[in-house]
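Engineer: Pasting a structure below so you can have a look.
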Amino acid sequence: MTDLVPRRRIGRTSLQVPPLGFGAFKIGRNQGIKYSTPYDLPDQSEVQALLNGVLKLGCDYVDTAPAYGISEARIGETLGQRRDFVLSTKVGETFADGKSTYDFSRRAVEASLQRSCERLQRDVLDLVFVHSNGRDLQILKETDVVPVLQEWRKRGAIQAIGLSGKTPEGALAALDWADAIMVEYHLRDESHAAVMAEAADRGVSVIVKKGLASGELSAGEAIRFVLANPAVTALVVGGLNLNHFAENWRSAIASRSAPRGAQESPSS
């Protein structure tokens, strides 16, 4: 059956993603959260039903991170043998004993990448972001994280790399080496709009995080707003309710017109 889901490439790589990706934070962590409503972690059978349901919808992009608790391990256990979706993870931040710690040294980054490969059951990682603590420029200029990611990309152990940062200045600096940037962008925060446009002009993909302002915005309106920006490659949205995600998925597909730009291509 022909797949009519519009997809855009990650940078100049062969990776393609749909307009909406699944954020896997809530399947692995419920401590130290910014969501207004607490939640219980699902059991593994619930995780399996959720992840398989997301992929069945046609959403073949999943985003995770070591900082998302046991999320990577759960994805690997459920989807480890599948290669029919794009998977992004991150380096720099870990979460244990109820708190986050950050380490962007060569030793820590390489160890994190190896652990991600093992947990996700992948020999090659699709997309890896630097998981910034907010000190974007300091991390990019004064640590080993970018050279390590570039080395792994050069030898084929990672297909694409980028920055999940917090400042427009950091995102702008990342355009010199990144295949993608991950930025916060929504109705209440358009501070990254200019660098998003610059990224698109330079062939760097833009992945939007927190497009619903951590659940504070109406999903339909928020999704339409984000995907109306032509610079946006994809929006990542999480959740534990498959029916709610399916509604968001339909909103995203309806919001994104048939592919027209150089970074867009239909998948069949």
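Residue numbers start at 1 in each chain; chains themselves are named A, B, ... in the order of the structure tokens; ligands are numbered from 1 in the order shown.
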Would you give me, as JSON lines, each residue of range 168-216 of chain A having an atom within 12 Å of an atom of range 50-74 of chain A, along with its shortest atom pair and that distance in Å to one decimal, using only C-alpha atoms and sorting by chain and residue number?
Structural biologist:
{"residue": "A:Met182", "atom": "CA", "partner": "A:Asp63", "partner_atom": "CA", "distance": 10.9}
{"residue": "A:Ile207", "atom": "CA", "partner": "A:Asp63", "partner_atom": "CA", "distance": 10.3}
{"residue": "A:Val208", "atom": "CA", "partner": "A:Asp63", "partner_atom": "CA", "distance": 11.3}
{"residue": "A:Lys209", "atom": "CA", "partner": "A:Asp63", "partner_atom": "CA", "distance": 10.0}
Engineer: Restricting the output to N, CA, C and O atoms, write the selected residues as a PDB file, in the first residue's frame.
Structural biologist:
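See part_13.pdb below for the written result:
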ATOM      1  N   MET A 182      17.656  20.547  17.504  1.00  0.00           N
ATOM      2  CA  MET A 182      16.393  20.343  18.216  1.00  0.00           C
ATOM      3  C   MET A 182      16.173  21.556  19.100  1.00  0.00           C
ATOM      4  O   MET A 182      17.018  21.889  19.947  1.00  0.00           O
ATOM      5  N   ILE A 207      14.196  19.976  14.314  1.00  0.00           N
ATOM      6  CA  ILE A 207      13.272  19.142  15.082  1.00  0.00           C
ATOM      7  C   ILE A 207      12.785  19.968  16.264  1.00  0.00           C
ATOM      8  O   ILE A 207      13.592  20.500  17.028  1.00  0.00           O
ATOM      9  N   VAL A 208      11.483  20.079  16.406  1.00  0.00           N
ATOM     10  CA  VAL A 208      10.912  20.899  17.485  1.00  0.00           C
ATOM     11  C   VAL A 208      10.542  20.020  18.672  1.00  0.00           C
ATOM     12  O   VAL A 208       9.885  18.990  18.517  1.00  0.00           O
ATOM     13  N   LYS A 209      10.994  20.440  19.853  1.00  0.00           N
ATOM     14  CA  LYS A 209      10.620  19.790  21.111  1.00  0.00           C
ATOM     15  C   LYS A 209       9.719  20.739  21.897  1.00  0.00           C
ATOM     16  O   LYS A 209       9.736  21.952  21.675  1.00  0.00           O
TER      17      LYS A 209
END
Engineer: Would you list, as number ranges by chain, the residues of range 15-238 of chain A that end up in alpha helix (DSSP H) under DSSP run on this structure's backbone?
Structural biologist: A: 44-57, 71-79, 106-120, 136-142, 145-154, 168-174, 193-201, 219-227
Engineer: Between A:Arg202, A:Arg256, A:Lys166, A:Lys99, which residue has the minimum interatomic distance to Gln31 in chain A, considering only C-alpha atoms?
Structural biologist: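 Checking each candidate against Gln31 in chain A, we get A:Lys99 as the closest.
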Engineer: Using only C-alpha atoms, which protein or nucleic acid residues come within 10 Å of Ala213 in chain A? Drop anything in the same chain fewer than 5 positions from it, and give the result as a list in words.
Structural biologist: Lys34, Tyr35, Glu184, Tyr185, His186, Leu187, Arg188, Asp189, Ser218, Ala219 and Ala222 of chain A
Engineer: Pull all heavy atoms from the residues just selected and write them as a compact mmCIF listing (two decimals), in the first residue's frame.
Structural biologist:
# COMPACT_ATOMS: atom_id res chain seq x y z
N LYS A 34 8.60 18.09 34.34
CA LYS A 34 8.05 19.44 34.22
C LYS A 34 6.57 19.41 33.88
O LYS A 34 5.96 20.47 33.69
CB LYS A 34 8.82 20.21 33.15
CG LYS A 34 10.29 20.43 33.52
CD LYS A 34 11.02 21.21 32.44
CE LYS A 34 12.48 21.42 32.83
NZ LYS A 34 13.23 22.16 31.77
N TYR A 35 6.00 18.22 33.76
CA TYR A 35 4.58 18.11 33.47
C TYR A 35 3.77 18.44 34.72
O TYR A 35 4.16 18.09 35.84
CB TYR A 35 4.24 16.70 32.99
CG TYR A 35 4.96 16.32 31.72
CD1 TYR A 35 6.11 15.54 31.76
CD2 TYR A 35 4.49 16.73 30.48
CE1 TYR A 35 6.78 15.18 30.60
CE2 TYR A 35 5.14 16.38 29.31
CZ TYR A 35 6.28 15.60 29.39
OH TYR A 35 6.95 15.26 28.24
N GLU A 184 13.20 24.33 21.20
CA GLU A 184 11.85 24.57 21.73
C GLU A 184 11.21 25.69 20.93
O GLU A 184 11.80 26.75 20.72
CB GLU A 184 11.92 24.96 23.21
CG GLU A 184 10.54 25.21 23.84
CD GLU A 184 10.58 25.39 25.34
OE1 GLU A 184 11.66 25.16 25.94
OE2 GLU A 184 9.53 25.75 25.93
N TYR A 185 9.99 25.43 20.48
CA TYR A 185 9.29 26.42 19.65
C TYR A 185 7.80 26.15 19.75
O TYR A 185 7.34 25.03 19.51
CB TYR A 185 9.77 26.27 18.19
CG TYR A 185 9.02 27.13 17.19
CD1 TYR A 185 9.23 28.50 17.11
CD2 TYR A 185 8.13 26.55 16.28
CE1 TYR A 185 8.56 29.29 16.17
CE2 TYR A 185 7.46 27.32 15.34
CZ TYR A 185 7.67 28.68 15.29
OH TYR A 185 7.02 29.45 14.36
N HIS A 186 7.05 27.17 20.18
CA HIS A 186 5.60 27.02 20.28
C HIS A 186 4.96 28.40 20.34
O HIS A 186 5.64 29.42 20.22
CB HIS A 186 5.22 26.16 21.49
CG HIS A 186 5.84 26.57 22.78
ND1 HIS A 186 5.46 27.70 23.48
CD2 HIS A 186 6.84 25.99 23.51
CE1 HIS A 186 6.17 27.80 24.58
NE2 HIS A 186 7.03 26.79 24.63
N LEU A 187 3.65 28.40 20.53
CA LEU A 187 2.89 29.66 20.51
C LEU A 187 3.37 30.67 21.54
O LEU A 187 3.20 31.88 21.36
CB LEU A 187 1.41 29.36 20.73
CG LEU A 187 0.65 28.79 19.53
CD1 LEU A 187 -0.61 28.06 19.98
CD2 LEU A 187 0.30 29.91 18.57
N ARG A 188 3.95 30.20 22.64
CA ARG A 188 4.41 31.10 23.69
C ARG A 188 5.91 31.39 23.63
O ARG A 188 6.41 32.17 24.44
CB ARG A 188 4.08 30.49 25.07
CG ARG A 188 2.59 30.30 25.32
CD ARG A 188 2.36 29.65 26.66
NE ARG A 188 0.94 29.40 26.91
CZ ARG A 188 0.48 28.73 27.97
NH1 ARG A 188 1.33 28.29 28.89
NH2 ARG A 188 -0.82 28.52 28.11
N ASP A 189 6.62 30.76 22.71
CA ASP A 189 8.07 30.94 22.63
C ASP A 189 8.52 30.79 21.18
O ASP A 189 8.65 29.68 20.67
CB ASP A 189 8.79 29.93 23.52
CG ASP A 189 10.30 30.16 23.57
OD1 ASP A 189 10.79 31.01 22.81
OD2 ASP A 189 10.98 29.49 24.37
N SER A 218 -3.25 23.64 23.81
CA SER A 218 -4.17 22.77 23.08
C SER A 218 -3.41 22.07 21.96
O SER A 218 -2.75 22.73 21.14
CB SER A 218 -5.32 23.58 22.50
OG SER A 218 -6.06 22.85 21.56
N ALA A 219 -3.49 20.74 21.92
CA ALA A 219 -2.65 19.98 20.99
C ALA A 219 -2.90 20.35 19.54
O ALA A 219 -1.95 20.60 18.78
CB ALA A 219 -2.89 18.48 21.20
N ALA A 222 -1.59 23.84 18.70
CA ALA A 222 -0.14 23.90 18.84
C ALA A 222 0.55 23.18 17.69
O ALA A 222 1.56 23.66 17.15
CB ALA A 222 0.28 23.29 20.18
Engineer: Name the residues of range 27-226 of chain A that come out as strand (DSSP E or B) in a backbone DSSP run; write them as a PDB file with C-alpha atoms, in the first residue's frame.
Structural biologist:
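Result written to out15.pdb:
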ATOM      1  CA  TYR A  61      10.378   8.411  14.145  1.00  0.00           C
ATOM      2  CA  VAL A  62      11.054   7.834  17.866  1.00  0.00           C
ATOM      3  CA  ASP A  63      13.114  10.150  20.093  1.00  0.00           C
ATOM      4  CA  VAL A  86      14.341   6.431  12.613  1.00  0.00           C
ATOM      5  CA  LEU A  87      15.587   6.615  16.179  1.00  0.00           C
ATOM      6  CA  SER A  88      17.238   9.624  17.793  1.00  0.00           C
ATOM      7  CA  THR A  89      18.995   9.652  21.146  1.00  0.00           C
ATOM      8  CA  LYS A  90      21.356  12.009  22.960  1.00  0.00           C
ATOM      9  CA  VAL A  91      24.633  12.344  24.868  1.00  0.00           C
ATOM     10  CA  GLU A  93      23.006  14.115  30.294  1.00  0.00           C
ATOM     11  CA  THR A  94      22.245  11.102  32.459  1.00  0.00           C
ATOM     12  CA  PHE A  95      19.541  10.699  35.085  1.00  0.00           C
ATOM     13  CA  ALA A  96      19.983   8.558  38.187  1.00  0.00           C
ATOM     14  CA  LYS A  99      18.740  13.908  39.489  1.00  0.00           C
ATOM     15  CA  SER A 100      20.476  14.774  36.237  1.00  0.00           C
ATOM     16  CA  THR A 101      24.225  14.966  35.796  1.00  0.00           C
ATOM     17  CA  TYR A 102      26.127  16.295  32.793  1.00  0.00           C
ATOM     18  CA  LEU A 125      22.803   5.002  15.678  1.00  0.00           C
ATOM     19  CA  ASP A 126      20.565   7.026  13.377  1.00  0.00           C
ATOM     20  CA  LEU A 127      20.652  10.484  14.961  1.00  0.00           C
ATOM     21  CA  VAL A 128      22.444  11.662  18.102  1.00  0.00           C
ATOM     22  CA  PHE A 129      21.957  15.076  19.702  1.00  0.00           C
ATOM     23  CA  VAL A 130      24.107  16.837  22.281  1.00  0.00           C
ATOM     24  CA  HIS A 131      21.798  17.088  25.320  1.00  0.00           C
ATOM     25  CA  ILE A 158      26.267   7.437  13.605  1.00  0.00           C
ATOM     26  CA  GLN A 159      24.359   8.615  10.540  1.00  0.00           C
ATOM     27  CA  ALA A 160      23.500  12.142  11.718  1.00  0.00           C
ATOM     28  CA  ILE A 161      24.424  14.441  14.600  1.00  0.00           C
ATOM     29  CA  GLY A 162      23.102  17.644  16.115  1.00  0.00           C
ATOM     30  CA  LEU A 163      22.364  19.811  19.131  1.00  0.00           C
ATOM     31  CA  SER A 164      19.372  19.702  21.435  1.00  0.00           C
ATOM     32  CA  ALA A 180      19.904  18.745  12.689  1.00  0.00           C
ATOM     33  CA  ILE A 181      19.078  21.002  15.610  1.00  0.00           C
ATOM     34  CA  MET A 182      16.393  20.343  18.216  1.00  0.00           C
ATOM     35  CA  VAL A 183      14.782  23.496  19.592  1.00  0.00           C
ATOM     36  CA  GLU A 184      11.852  24.572  21.733  1.00  0.00           C
ATOM     37  CA  HIS A 186       5.602  27.015  20.277  1.00  0.00           C
ATOM     38  CA  ASP A 189       8.067  30.942  22.632  1.00  0.00           C
ATOM     39  CA  SER A 205      16.974  20.006   9.754  1.00  0.00           C
ATOM     40  CA  VAL A 206      14.892  21.485  12.571  1.00  0.00           C
ATOM     41  CA  ILE A 207      13.272  19.142  15.082  1.00  0.00           C
ATOM     42  CA  VAL A 208      10.912  20.899  17.485  1.00  0.00           C
ATOM     43  CA  LYS A 209      10.620  19.790  21.111  1.00  0.00           C
TER      44      LYS A 209
END
